[in-house]
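Student: I'm passing along target12.txt; it holds compact mmCIF, C-alpha atoms and all ligand atoms.
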# COMPACT_ATOMS: atom_id res chain seq x y z
CA MET A 173 101.06 114.52 122.55
CA ASN A 174 104.72 113.74 123.32
CA SER A 175 107.70 115.94 122.50
CA SER A 176 108.46 113.99 119.33
CA SER A 177 104.93 114.62 118.01
CA ASN A 178 105.20 118.31 118.93
CA ALA A 179 108.49 118.63 117.09
CA LYS A 180 107.02 116.84 114.09
CA THR A 181 104.02 119.18 114.03
CA ILE A 182 106.26 122.25 114.25
CA LEU A 183 108.51 120.90 111.51
CA PHE A 184 105.48 120.14 109.36
CA TRP A 185 104.17 123.71 109.61
CA ILE A 186 107.63 125.21 109.03
CA SER A 187 107.86 123.06 105.89
CA ILE A 188 104.43 124.19 104.73
CA VAL A 189 105.33 127.88 105.25
CA PHE A 190 108.65 127.41 103.41
CA LEU A 191 106.92 125.48 100.67
CA GLY A 192 104.29 128.19 100.25
CA THR A 193 106.92 130.95 100.25
CA MET A 194 109.09 129.18 97.70
CA LEU A 195 106.12 128.42 95.46
CA TRP A 196 104.98 132.01 95.66
CA LYS A 197 108.49 133.20 94.82
CA LEU A 198 108.71 130.74 91.97
CA VAL A 199 105.47 131.91 90.45
CA SER A 200 105.76 135.61 91.17
CA ALA A 201 109.45 136.51 91.16
CA ASN A 202 109.91 136.41 87.43
CA GLY A 203 106.30 137.09 86.67
CA THR A 204 104.54 137.08 83.38
CA PRO A 205 104.34 140.15 81.20
CA ALA A 206 101.20 142.14 81.85
CA GLN A 207 98.62 142.05 79.11
CA GLY A 208 97.35 145.16 77.30
CA ASP A 209 97.37 146.72 73.85
CA GLU A 210 99.32 144.68 71.38
CA PRO A 211 100.88 147.06 68.90
CA SER A 212 103.05 145.81 66.04
CA TYR A 213 106.79 146.44 66.23
CA ASN A 214 106.54 149.34 63.79
CA GLU A 215 103.61 150.86 65.69
CA PHE A 216 105.62 150.56 68.88
CA ILE A 217 108.66 152.30 67.30
CA ALA A 218 106.36 155.04 66.03
CA ARG A 219 105.06 155.53 69.58
CA VAL A 220 108.64 155.70 70.88
CA ASP A 221 109.49 158.30 68.22
CA ALA A 222 106.43 160.29 69.26
CA ASP A 223 107.67 160.28 72.90
CA ASP A 224 104.56 158.36 73.95
CA ILE A 225 106.66 155.83 75.82
CA LYS A 226 109.11 156.71 78.61
CA GLU A 227 109.62 153.36 80.26
CA VAL A 228 109.45 149.73 79.15
CA THR A 229 109.97 146.46 80.86
CA LEU A 230 111.81 143.90 78.81
CA TYR A 231 111.14 140.24 79.57
CA LEU A 232 113.94 138.00 78.42
CA SER A 233 112.99 134.61 77.03
CA PRO A 234 115.25 132.11 75.29
CA ASN A 235 113.84 132.83 71.81
CA SER A 236 112.06 136.16 71.97
CA TYR A 237 111.73 139.29 74.05
CA GLU A 238 108.53 140.76 75.36
CA LEU A 239 107.99 144.42 76.00
CA THR A 240 105.44 145.92 78.34
CA GLY A 241 104.80 149.31 79.76
CA GLU A 242 102.40 152.23 79.83
CA TYR A 243 101.88 154.93 77.24
CA VAL A 244 102.39 158.48 78.32
CA ARG A 245 99.48 159.30 76.02
CA PRO A 246 96.83 158.05 76.54
CA ALA A 247 97.75 157.76 80.20
CA ASN A 248 97.41 154.51 82.15
CA ARG A 249 97.05 152.42 79.02
CA ARG A 250 99.30 149.40 78.92
CA PHE A 251 100.93 147.81 75.93
CA HIS A 252 102.47 144.46 75.28
CA LEU A 253 104.35 143.10 72.31
CA THR A 254 106.71 140.31 71.44
CA VAL A 255 109.78 141.06 69.35
CA PRO A 256 112.20 138.65 67.70
CA LYS A 257 115.74 138.51 69.05
CA GLU A 258 117.23 139.91 65.85
CA VAL A 259 115.60 143.31 66.23
CA VAL A 260 116.69 143.75 69.85
CA PRO A 261 119.99 145.59 69.16
CA ASP A 262 118.16 148.05 66.88
CA LEU A 263 115.30 148.36 69.34
CA LEU A 264 117.62 149.09 72.27
CA ARG A 265 119.49 151.69 70.23
CA GLN A 266 116.25 153.48 69.38
CA LEU A 267 115.04 153.31 72.97
CA ARG A 268 118.37 154.72 74.15
CA GLU A 269 118.18 157.54 71.65
CA LYS A 270 114.77 158.47 72.97
CA SER A 271 115.98 158.12 76.57
CA VAL A 272 113.41 155.45 77.30
CA LEU A 273 114.13 153.72 80.56
CA VAL A 274 114.51 149.96 80.00
CA LYS A 275 113.99 147.50 82.84
CA ALA A 276 115.06 143.96 82.01
CA LYS A 277 113.53 140.89 83.65
CA GLU A 278 113.98 137.25 82.93
CA ALA A 279 110.67 135.89 81.73
CA ARG A 280 109.42 132.65 83.19
CA SER A 281 110.29 130.04 80.65
CA GLY A 282 108.10 127.18 79.56
CA ASP A 283 111.20 125.07 79.45
CA TRP A 284 110.76 122.33 82.05
CA VAL A 285 114.50 122.09 82.60
CA LEU A 286 114.58 125.76 83.53
CA ILE A 287 111.52 125.36 85.73
CA LEU A 288 113.20 122.43 87.44
CA LEU A 289 116.39 124.47 87.87
CA ASN A 290 114.34 127.29 89.35
CA ALA A 291 112.62 124.80 91.62
CA ALA A 292 115.86 123.15 92.70
CA PRO A 293 116.10 125.04 96.03
CA LEU A 294 112.48 124.15 96.71
CA ILE A 295 113.06 120.50 95.89
CA LEU A 296 116.15 120.49 98.10
CA LEU A 297 114.21 122.07 100.94
CA VAL A 298 111.33 119.59 100.68
CA GLY A 299 113.83 116.74 100.49
CA PHE A 300 115.63 118.04 103.56
CA CYS A 301 112.35 118.35 105.48
CA LEU A 302 111.34 114.83 104.49
CA PHE A 303 114.76 113.59 105.56
CA LEU A 304 114.40 115.33 108.94
CA MET A 305 110.92 113.89 109.42
CA ARG A 306 112.17 110.42 108.59
CA GLN A 307 115.03 110.80 111.06
CA MET A 308 112.64 111.90 113.77
CA ARG A 309 110.26 109.05 112.97
CA SER A 310 113.07 106.52 113.18
CA ARG A 311 114.20 108.05 116.48
CA GLY A 312 110.61 107.72 117.72
CA ALA A 313 110.56 104.08 116.65
CA GLN A 314 113.86 103.52 118.43
CA ALA A 315 112.49 105.13 121.57
CA LEU A 316 109.43 102.88 121.37
CA ALA A 317 111.65 99.85 120.85
CA THR A 318 113.75 100.89 123.85
CA GLN A 319 110.56 101.29 125.86
CA ARG A 320 109.47 97.84 124.77
CA ARG A 321 112.89 96.48 125.63
CA GLY A 322 112.23 97.53 129.22
CA VAL A 323 112.38 94.54 131.55
CA ARG A 324 109.08 93.31 132.95
CA PHE A 325 108.78 91.48 136.22
CA GLY A 326 106.30 88.81 137.24
CA LEU A 327 105.67 87.16 140.60
CA GLY A 328 104.40 83.63 141.00
CA TYR A 329 103.38 81.65 144.06
CA ASP A 330 101.90 78.20 144.50
CA LEU A 331 101.17 75.73 147.30
CA HIS A 332 99.96 72.17 147.18
CA ARG A 333 99.05 69.77 149.93
CA LEU A 334 101.22 66.68 150.20
CA ASP A 335 99.53 63.34 150.36
CA THR A 336 100.74 59.79 150.50
CA GLY A 337 100.71 57.69 147.39
CA ARG A 338 101.31 60.62 145.07
CA PRO A 339 104.52 61.04 143.02
CA PHE A 340 106.67 63.88 144.38
CA ILE A 341 107.28 66.02 141.29
CA VAL A 342 109.05 69.37 141.47
CA GLY A 343 110.42 71.26 138.50
CA GLY A 344 109.37 68.39 136.21
CA VAL A 345 111.57 65.94 138.09
CA GLU A 346 110.21 63.06 140.13
CA ILE A 347 112.03 62.61 143.45
CA PRO A 348 111.63 59.45 145.48
CA PHE A 349 109.51 60.28 148.54
CA ASP A 350 106.56 58.79 150.40
CA LYS A 351 104.29 61.74 149.67
CA GLY A 352 103.48 63.89 146.71
CA PRO A 353 101.48 67.03 145.92
CA LEU A 354 97.75 66.78 145.39
CA GLY A 355 96.45 68.54 142.32
CA HIS A 356 94.39 68.43 139.17
CA SER A 357 97.62 68.02 137.21
CA ASP A 358 100.80 66.58 138.72
CA GLY A 359 100.81 69.37 141.34
CA ASP A 360 104.28 70.66 140.42
CA VAL A 361 104.44 73.84 142.56
CA LEU A 362 107.61 75.08 140.93
CA ALA A 363 106.27 74.73 137.38
CA HIS A 364 102.99 76.35 138.41
CA ALA A 365 104.69 79.29 140.13
CA ILE A 366 106.99 79.80 137.13
CA CYS A 367 103.94 79.75 134.88
CA ASP A 368 102.21 82.43 136.98
CA ALA A 369 105.35 84.58 137.19
CA VAL A 370 105.82 84.53 133.42
CA LEU A 371 102.12 85.13 132.70
CA GLY A 372 102.13 87.95 135.24
CA ALA A 373 105.12 89.63 133.60
CA ALA A 374 103.50 89.21 130.20
CA GLY A 375 100.23 90.65 131.49
CA ALA A 376 98.49 87.51 130.26
CA GLY A 377 96.50 86.48 133.30
CA ASP A 378 97.40 83.43 135.36
CA ILE A 379 97.62 79.69 135.17
CA GLY A 380 94.03 79.22 136.34
CA THR A 381 92.75 81.36 133.47
CA LEU A 382 94.79 79.68 130.77
CA PHE A 383 94.63 76.13 132.06
CA PRO A 384 91.52 75.87 134.27
CA ASP A 385 91.47 72.86 136.61
CA THR A 386 87.88 72.24 135.50
CA ASP A 387 89.19 71.34 132.04
CA PRO A 388 89.58 67.55 131.81
CA GLN A 389 92.38 67.87 129.25
CA TRP A 390 94.75 69.07 132.00
CA LYS A 391 93.84 66.26 134.44
CA GLY A 392 96.93 64.35 135.53
CA VAL A 393 99.14 65.95 132.87
CA SER A 394 102.75 66.91 133.40
CA SER A 395 102.88 70.58 134.33
CA LEU A 396 105.71 70.96 131.85
CA ILE A 397 102.96 71.16 129.22
CA PHE A 398 101.86 74.46 130.76
CA LEU A 399 105.40 75.79 130.46
CA GLU A 400 105.58 74.69 126.85
CA GLN A 401 102.34 76.59 126.17
CA LEU A 402 103.97 79.79 127.47
CA ALA A 403 106.16 79.97 124.38
CA LYS A 404 103.15 80.85 122.21
CA VAL A 405 101.88 83.43 124.70
CA LEU A 406 105.29 85.12 124.73
CA GLN A 407 105.71 84.87 120.98
CA ASP A 408 102.38 86.65 120.43
CA ARG A 409 103.57 89.46 122.70
CA LYS A 410 107.08 89.57 121.18
CA GLN A 411 108.59 88.85 124.57
CA SER A 412 111.02 86.29 125.88
CA ILE A 413 112.13 85.11 129.28
CA GLY A 414 115.12 86.94 130.69
CA TYR A 415 115.62 85.18 134.01
CA ILE A 416 113.78 83.06 136.54
CA ASP A 417 114.59 82.98 140.23
CA ALA A 418 112.73 80.53 142.44
CA VAL A 419 112.47 79.39 146.04
CA VAL A 420 110.85 76.05 146.79
CA ILE A 421 109.79 75.55 150.41
CA THR A 422 109.38 72.04 151.69
CA GLU A 423 110.45 70.34 154.86
CA LYS A 424 111.50 67.15 153.08
CA PRO A 425 113.00 65.74 150.89
CA LYS A 426 116.23 67.57 150.06
CA LEU A 427 115.87 69.28 146.70
CA GLY A 428 119.42 70.60 146.14
CA PRO A 429 120.80 67.40 144.60
CA HIS A 430 118.06 67.55 141.95
CA PHE A 431 118.46 71.20 140.94
CA ALA A 432 120.60 70.46 137.88
CA ALA A 433 118.02 68.01 136.54
CA MET A 434 115.18 70.45 137.34
CA LYS A 435 116.92 73.33 135.56
CA ALA A 436 117.57 71.21 132.49
CA THR A 437 113.97 69.97 132.40
CA LEU A 438 112.41 73.38 133.00
CA ALA A 439 114.74 75.10 130.53
CA LYS A 440 113.85 72.59 127.83
CA ALA A 441 110.12 73.13 128.38
CA LEU A 442 110.53 76.93 128.44
CA LYS A 443 112.96 76.92 125.48
CA ILE A 444 115.60 78.82 127.44
CA LYS A 445 119.03 77.93 128.81
CA PRO A 446 119.45 76.30 132.23
CA GLU A 447 121.69 79.26 133.18
CA GLN A 448 118.60 81.46 132.98
CA ILE A 449 117.09 79.64 135.94
CA SER A 450 118.07 79.98 139.60
CA LEU A 451 116.69 77.51 142.13
CA LYS A 452 116.83 77.67 145.90
CA ALA A 453 115.35 75.42 148.54
CA LYS A 454 114.11 76.31 152.00
CA THR A 455 112.45 74.53 154.88
CA ASN A 456 109.87 76.17 157.07
CA GLU A 457 111.72 75.32 160.26
CA GLY A 458 108.91 73.02 161.36
CA VAL A 459 106.40 75.85 161.38
CA ASP A 460 102.94 75.69 159.90
CA ALA A 461 101.61 73.16 157.39
CA ILE A 462 104.79 73.20 155.34
CA GLY A 463 106.88 72.72 158.47
CA ARG A 464 104.73 69.73 159.41
CA GLY A 465 105.34 68.21 155.97
CA GLU A 466 101.73 68.66 154.92
CA ALA A 467 102.40 71.04 152.01
CA ILE A 468 104.96 72.30 149.55
CA ALA A 469 105.15 75.86 148.18
CA ALA A 470 107.16 77.87 145.66
CA HIS A 471 107.86 81.57 145.09
CA VAL A 472 109.14 82.68 141.69
CA ILE A 473 110.17 85.93 140.10
CA ALA A 474 110.49 85.99 136.33
CA THR A 475 111.74 88.77 134.07
CA LEU A 476 110.69 89.20 130.47
CA VAL A 477 112.53 91.12 127.80
CA SER A 478 111.54 92.10 124.30
CA ALA A 479 112.10 89.29 121.87
ZN ZN A 501 99.55 74.46 141.49
Now that the file is in, can you turn its structure into structure tokens?
Ligand SMILES: [Zn+2]

Tutor:
Amino acid sequence: MNSSSNAKTILFWISIVFLGTMLWKLVSANGTPAQGDEPSYNEFIARVDADDIKEVTLYLSPNSYELTGEYVRPANRRFHLTVPKEVVPDLLRQLREKSVLVKAKEARSGDWVLILLNAAPLILLVGFCLFLMRQMRSRGAQALATQRRGVRFGLGYDLHRLDTGRPFIVGGVEIPFDKGPLGHSDGDVLAHAICDAVLGAAGAGDIGTLFPDTDPQWKGVSSLIFLEQLAKVLQDRKQSIGYIDAVVITEKPKLGPHFAAMKATLAKALKIKPEQISLKAKTNEGVDAIGRGEAIAAHVIATLVSA
């Protein structure tokens, strides 16, 4: 459980305790008159005259008053009666004359407006708690979005043998040369390494998984098709390419003059801008298979950001 969830749980229980307290106060603070004997008004006055009553509680309602209390004789016996408003001045005078202690309370009204007014602090509190929870939830969502916005990195590498009679295609651009990469597709090392770097950053496997060289549909195709397919993979994951940096290693021919065309071609296939691609060329200083002109390789780093 993260700190946001903890805070939410604490807030939830605080709200529940407040809610319970307020409800309890709402129900119990004003109370309802206790039930008991129900003497008529005249019987009640007679009891007052006879000094059988020393204390009454008067519940104030909009249209009538209710009286409760205990008789002195018989002891511990409660009474309850409702009196019309008109008799209240006379009643109070008689109670005063007999030195009966009068406690006044506001009776809980059946009037929904009054109930709502009574409940206003409770409603405000619940509203405030809901508002706080919503704020926290939206902060959590923002944090998640920020987390998702975190840049992801992917590394791609590819190498193809060079053979005579094959077109020399790098970055989707054919360059005049007497050799070209061998491969199931057009053997474009740069496109393949970009594909792997992007798939790696997306956590979506690699080029061999998505476009197996045993599948005849990819035989002899332009590798730009693989790059075009990446758009759907990224769309499903709500990601997009941030930047691509590549190094192509080949002894010959010179690649630099073709970089602008390669960037434009790759960017179009990837549905990004050419400025989001950096290309560099290296030789292998005559060392190894690449140095002998027998192979071409590419290293690529790609970054993905939240779409
Ligand atoms: Zn390849």

Student: What is the distance between atom CA of Ala441 of chain A and atom CA of Asp387 of chain A, in Å to one decimal?

Tutor: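 Spanning atom CA of Ala441 of chain A to atom CA of Asp387 of chain A is a straight-line distance of 21.3 Å.
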
Student: Please report as a Markdown table every residue of chain A lying within 6 Å of ligand ZN 501 (chain A), along with the nearest atom pair and their distance in Å (one decimal), using all atoms listed in the file.

Tutor:
| residue | atom | partner | partner_atom | distance |
| --- | --- | --- | --- | --- |
| A:Asp330 | CA | A:ZN501 | ZN | 5.3 |
| A:Gly359 | CA | A:ZN501 | ZN | 5.2 |
| A:Val361 | CA | A:ZN501 | ZN | 5.0 |
| A:His364 | CA | A:ZN501 | ZN | 5.0 |

Student: Which residue gives the smallest distance to Leu253 of chain A among A:Cys301, A:Leu354, A:Ile217, A:Ala470, with only C-alpha atoms counted?

Tutor: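 When distances to Leu253 of chain A are compared using only C-alpha atoms, the smallest one comes from A:Ile217.
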
Student: Could you work out an axis-aligned bounding box for all listed atoms of segment 216-227 of chain A, with 3 Å added on each of the six sides, and give its centre and edge lengths in Å to one decimal, as lines of an AutoDock Vina configuration file?

Tutor:
center_x = 107.1
center_y = 155.4
center_z = 73.1
size_x = 11.1
size_y = 15.7
size_z = 20.2

Student: Looking at all atoms listed in the file, which of A:Ala461, A:Leu191, A:Ile397, A:Ile449 is the one that sits closest to Gly344 of chain A?

Tutor: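 Nearest candidate to Gly344 of chain A out of A:Ala461, A:Leu191, A:Ile397, A:Ile449: A:Ile397.
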
Student: Find the residue from A:Gly352, A:Gly372, A:Pro293, A:Gly326 that sits nearest to Arg338 of chain A; use all atoms listed in the file when measuring.

Tutor: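 Of all the options, A:Gly352 lies closest to Arg338 of chain A.
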
Student: Quote the spacing between atom CA of Trp390 of chain A and atom CA of Gly355 of chain A in Å to one decimal place.

Tutor: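 Atom-to-atom, atom CA of Trp390 of chain A to atom CA of Gly355 of chain A, that is 10.5 Å.
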
Student: Could you tell me how far atom CA of Asn214 of chain A sits from atom CA of Pro246 of chain A, in Å to one decimal place?

Tutor: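 Going from atom CA of Pro246 of chain A over to atom CA of Asn214 of chain A covers 18.2 Å.
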
Student: Take the point (117.1, 80.4, 129.7) in the file's coordinates, draw a sphere of radius 10 Å around it, and report as a list of chain:residue names every protein, DNA or RNA residue with an atom inside or on it, counting all atoms listed in the file.

Tutor: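 Within 10 Å of (117.1, 80.4, 129.7), the protein and nucleic acid residues are A:Ser412, A:Ile413, A:Gly414, A:Tyr415, A:Ile416, A:Lys435, A:Ala436, A:Leu438, A:Ala439, A:Lys440, A:Leu442, A:Lys443, A:Ile444, A:Lys445, A:Pro446, A:Glu447, A:Gln448, A:Ile449, A:Ser450.
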
Student: With only C-alpha atoms as the atoms that count, which of A:Leu273, A:Ala222, A:Leu396, A:Ala418 lies nearest to Val345 of chain A?

Tutor: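 Of A:Leu273, A:Ala222, A:Leu396, A:Ala418, the one nearest Val345 of chain A, counting only C-alpha atoms, is A:Leu396.
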
Student: Here is a test: counting all atoms listed in the file, which residue of A:Leu230, A:Leu302, A:Ala363, A:Met308 is nearest to His332 of chain A?

Tutor: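 Closest residue, counting all atoms listed in the file: A:Ala363.
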
Student: Which residues, written as a list in words, have at least one atom at most 6 Å from Thr455 of chain A, with all atoms listed in the file counted and residues fewer than 5 positions away on the same chain left out?

Tutor: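 These residues fall inside the cut-off: Ile421, Thr422 and Glu423 of chain A.
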